[in-house]
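Following: one structure in structure tokens, then a few remarks.
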Amino acid sequence: ETDGSQSIAVHEADAVRPLSPVGRPPSIRFFRLQGSALPVTSEDHMPMYFHGNPSALYGPSQSIPKPAAIAHLDFEPYLVGIVGSDGVNIPVENADNYLLGFTLALMLVSRELIREESDAKAGFGRSFDVGGAIGPVITTPDDLDESLVEETPARKYGLSVVTRINGVEVGRGDIAELPATFAELLAAASDSGPVRSGDLIAIGPIATSETQQFLEVGDDIQVSVEHLGTLSLKVS
């Protein structure tokens with residue numbers, strides 16, 4: 001602990017509650033993959049998204065309670081872009097300039113509610129309200145220059161992804177395989193309304209598994225992305 005200029009106290013690691021690197025964001029938009037593709041609108045082919053609950057976001061390495069009513073609890077890892085400037089109708093070729101940086105999100109989701117919401121065509125809501133961790137840090141675009149695989153018309157990165165449950169690898173992926181760049185996502189998010197500084201743009205799941213394993217109390221979940229770090233949470 002510091003007073004801003006010098007150390008004033010030392011705390012044990014298990015007594016420290018890590019904070020989210022983005023505080024409580026104004027909004028979070030989820031661009032959720034269906035298989036390996038993003039659903040798009042029929043006329044202008046813009047990627048579709050839904051709004052999540054910023055109040056359900058926790059800092060890294062924290063415990064999130066499992067609701068008693070949810071039997072099939074799962075997780076989805078997301079790559080998150082943090083908007084750095086206000087804008088509306090942002091063109092793709094200029095959208096990278098609006099991004100402050102990147103971080104990760106691990107969202108706990110209810111599979112049974114996802115099925116019900118999908119069947120009802122009501123959009124996702126309660127299924128994503130369980131909570132999620134965000135972090136561990138904000139990585140700026142300049143820090144990822146060595147991982148660029150494309151720059152035109154927008155920046156695209158090659159970053160390996162690994163997910164683990166209780167230390168056992170359960171999924172892999174690569175950011176280069178995502179079907180859209182963050183510039184395209186930000187252009188879609190700002191097409192019908194403004195984006196604000198601090199808004200979060202999330203795309204995922206960024207790693208897939210061949211088998212489905214529902215979570216239990218006590219499980220530790222991790223997502224690690226090259227150059228972005230490792231984000232973890234525990235189900236309590």
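Going by the structure tokens order, chains are called A, B, ..., each with residues numbered from 1, while ligands are numbered from 1 in the order shown.
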Next item on the list: Might you pull out every residue within 6 Å of A:Val225, with only C-alpha atoms counted and same-chain residues fewer than 4 positions away left off, and present them as a PyMOL selection string?
Entry: chain A and resi 160-161+229
Note to self: Can you tell me which residues surround A:Gly135 at a distance of at most 9 Å, considering only C-alpha atoms, apart from same-chain residues fewer than 5 positions away, and format the answer as a ChimeraX atom specification?
What the structure shows: /A:19-22,58-60,103-106,228-232
Using N, CA, C and O atoms, can you export the residues from the last selection as a compact mmCIF listing (two decimals), in the first residue's frame?
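Below you can see part.txt, which holds the result:
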```
# COMPACT_ATOMS: atom_id res chain seq x y z
N LEU A 19 -8.75 -4.90 -7.47
CA LEU A 19 -9.80 -4.07 -8.06
C LEU A 19 -9.80 -4.23 -9.57
O LEU A 19 -8.79 -4.54 -10.19
N SER A 20 -10.95 -4.01 -10.15
CA SER A 20 -11.06 -4.01 -11.61
C SER A 20 -10.24 -2.86 -12.17
O SER A 20 -10.27 -1.75 -11.64
N PRO A 21 -9.51 -3.07 -13.27
CA PRO A 21 -8.72 -1.98 -13.86
C PRO A 21 -9.57 -0.92 -14.54
O PRO A 21 -9.05 0.12 -14.93
N VAL A 22 -10.89 -1.18 -14.68
CA VAL A 22 -11.76 -0.21 -15.36
C VAL A 22 -12.82 0.35 -14.44
O VAL A 22 -13.72 1.07 -14.90
N TYR A 58 -16.64 -7.96 -11.40
CA TYR A 58 -15.75 -8.01 -10.25
C TYR A 58 -14.31 -7.80 -10.70
O TYR A 58 -13.99 -7.92 -11.88
N GLY A 59 -13.43 -7.54 -9.74
CA GLY A 59 -12.01 -7.46 -10.03
C GLY A 59 -11.42 -8.84 -10.21
O GLY A 59 -12.06 -9.87 -9.97
N PRO A 60 -10.14 -8.92 -10.65
CA PRO A 60 -9.51 -10.22 -10.86
C PRO A 60 -9.29 -10.98 -9.56
O PRO A 60 -9.18 -10.38 -8.49
N THR A 103 -8.30 -5.56 -22.31
CA THR A 103 -8.23 -6.37 -21.12
C THR A 103 -9.05 -7.64 -21.37
O THR A 103 -9.45 -7.92 -22.49
N LEU A 104 -9.28 -8.42 -20.31
CA LEU A 104 -9.99 -9.69 -20.45
C LEU A 104 -11.22 -9.72 -19.56
O LEU A 104 -11.27 -9.01 -18.55
N ALA A 105 -12.17 -10.57 -19.89
CA ALA A 105 -13.33 -10.80 -19.04
C ALA A 105 -13.62 -12.30 -19.00
O ALA A 105 -13.51 -12.99 -20.01
N LEU A 106 -13.97 -12.77 -17.81
CA LEU A 106 -14.43 -14.14 -17.59
C LEU A 106 -15.86 -14.04 -17.08
O LEU A 106 -16.09 -13.61 -15.95
N LEU A 228 -1.40 -10.19 -22.63
CA LEU A 228 -2.45 -9.52 -21.84
C LEU A 228 -2.50 -10.04 -20.41
O LEU A 228 -3.10 -9.40 -19.55
N GLY A 229 -1.90 -11.21 -20.16
CA GLY A 229 -1.85 -11.73 -18.81
C GLY A 229 -2.88 -12.81 -18.55
O GLY A 229 -3.52 -13.33 -19.47
N THR A 230 -3.05 -13.14 -17.27
CA THR A 230 -3.97 -14.19 -16.82
C THR A 230 -5.01 -13.60 -15.90
O THR A 230 -4.68 -12.89 -14.95
N LEU A 231 -6.27 -13.89 -16.19
CA LEU A 231 -7.40 -13.46 -15.36
C LEU A 231 -8.02 -14.70 -14.75
O LEU A 231 -8.25 -15.70 -15.42
N SER A 232 -8.32 -14.63 -13.44
CA SER A 232 -8.92 -15.78 -12.77
C SER A 232 -10.08 -15.35 -11.89
O SER A 232 -10.19 -14.17 -11.52
```
Contact table stretch 17-37 of chain A vs stretch 163-187 of chain A, cut-off 10 Å, shortest pair per residue, only C-alpha atoms, as CSV:
```
residue,atom,partner,partner_atom,distance
A:Arg29,CA,A:Leu185,CA,9.6
A:Phe30,CA,A:Leu185,CA,9.8
A:Phe31,CA,A:Leu185,CA,7.8
A:Leu33,CA,A:Pro179,CA,8.7
A:Ser36,CA,A:Pro179,CA,7.1
A:Ala37,CA,A:Pro179,CA,6.1
```
Item checked: In stretch 58-199 of chain A, DSSP helix (DSSP H, G or I) residues written as number ranges by chain -> A: 92-98, 111-120, 126-128, 141-147, 175-177, 182-189
Note to self: Can you tell me which residues surround A:Pro65 at a distance of at most 9 Å, considering only C-alpha atoms, apart from same-chain residues fewer than 6 positions away, and format the answer as a list of chain:residue names?
What the structure shows: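 So, after excluding close chain neighbours, the residues are A:Val130, A:Gly131, A:Val217, A:Lys234, A:Val235, A:Ser236.
Remark: for A:Tyr98, the closest of the candidate residues A:Glu116, A:Asp199, A:Glu210, A:Asp220 is A:Asp199 (distances computed over only C-alpha atoms).
Residue nearest A:Ser61 within the list A:Gly198, A:Pro141, A:Pro136, A:Gly204: A:Pro136 [criterion: smallest interatomic distance, only C-alpha atoms].
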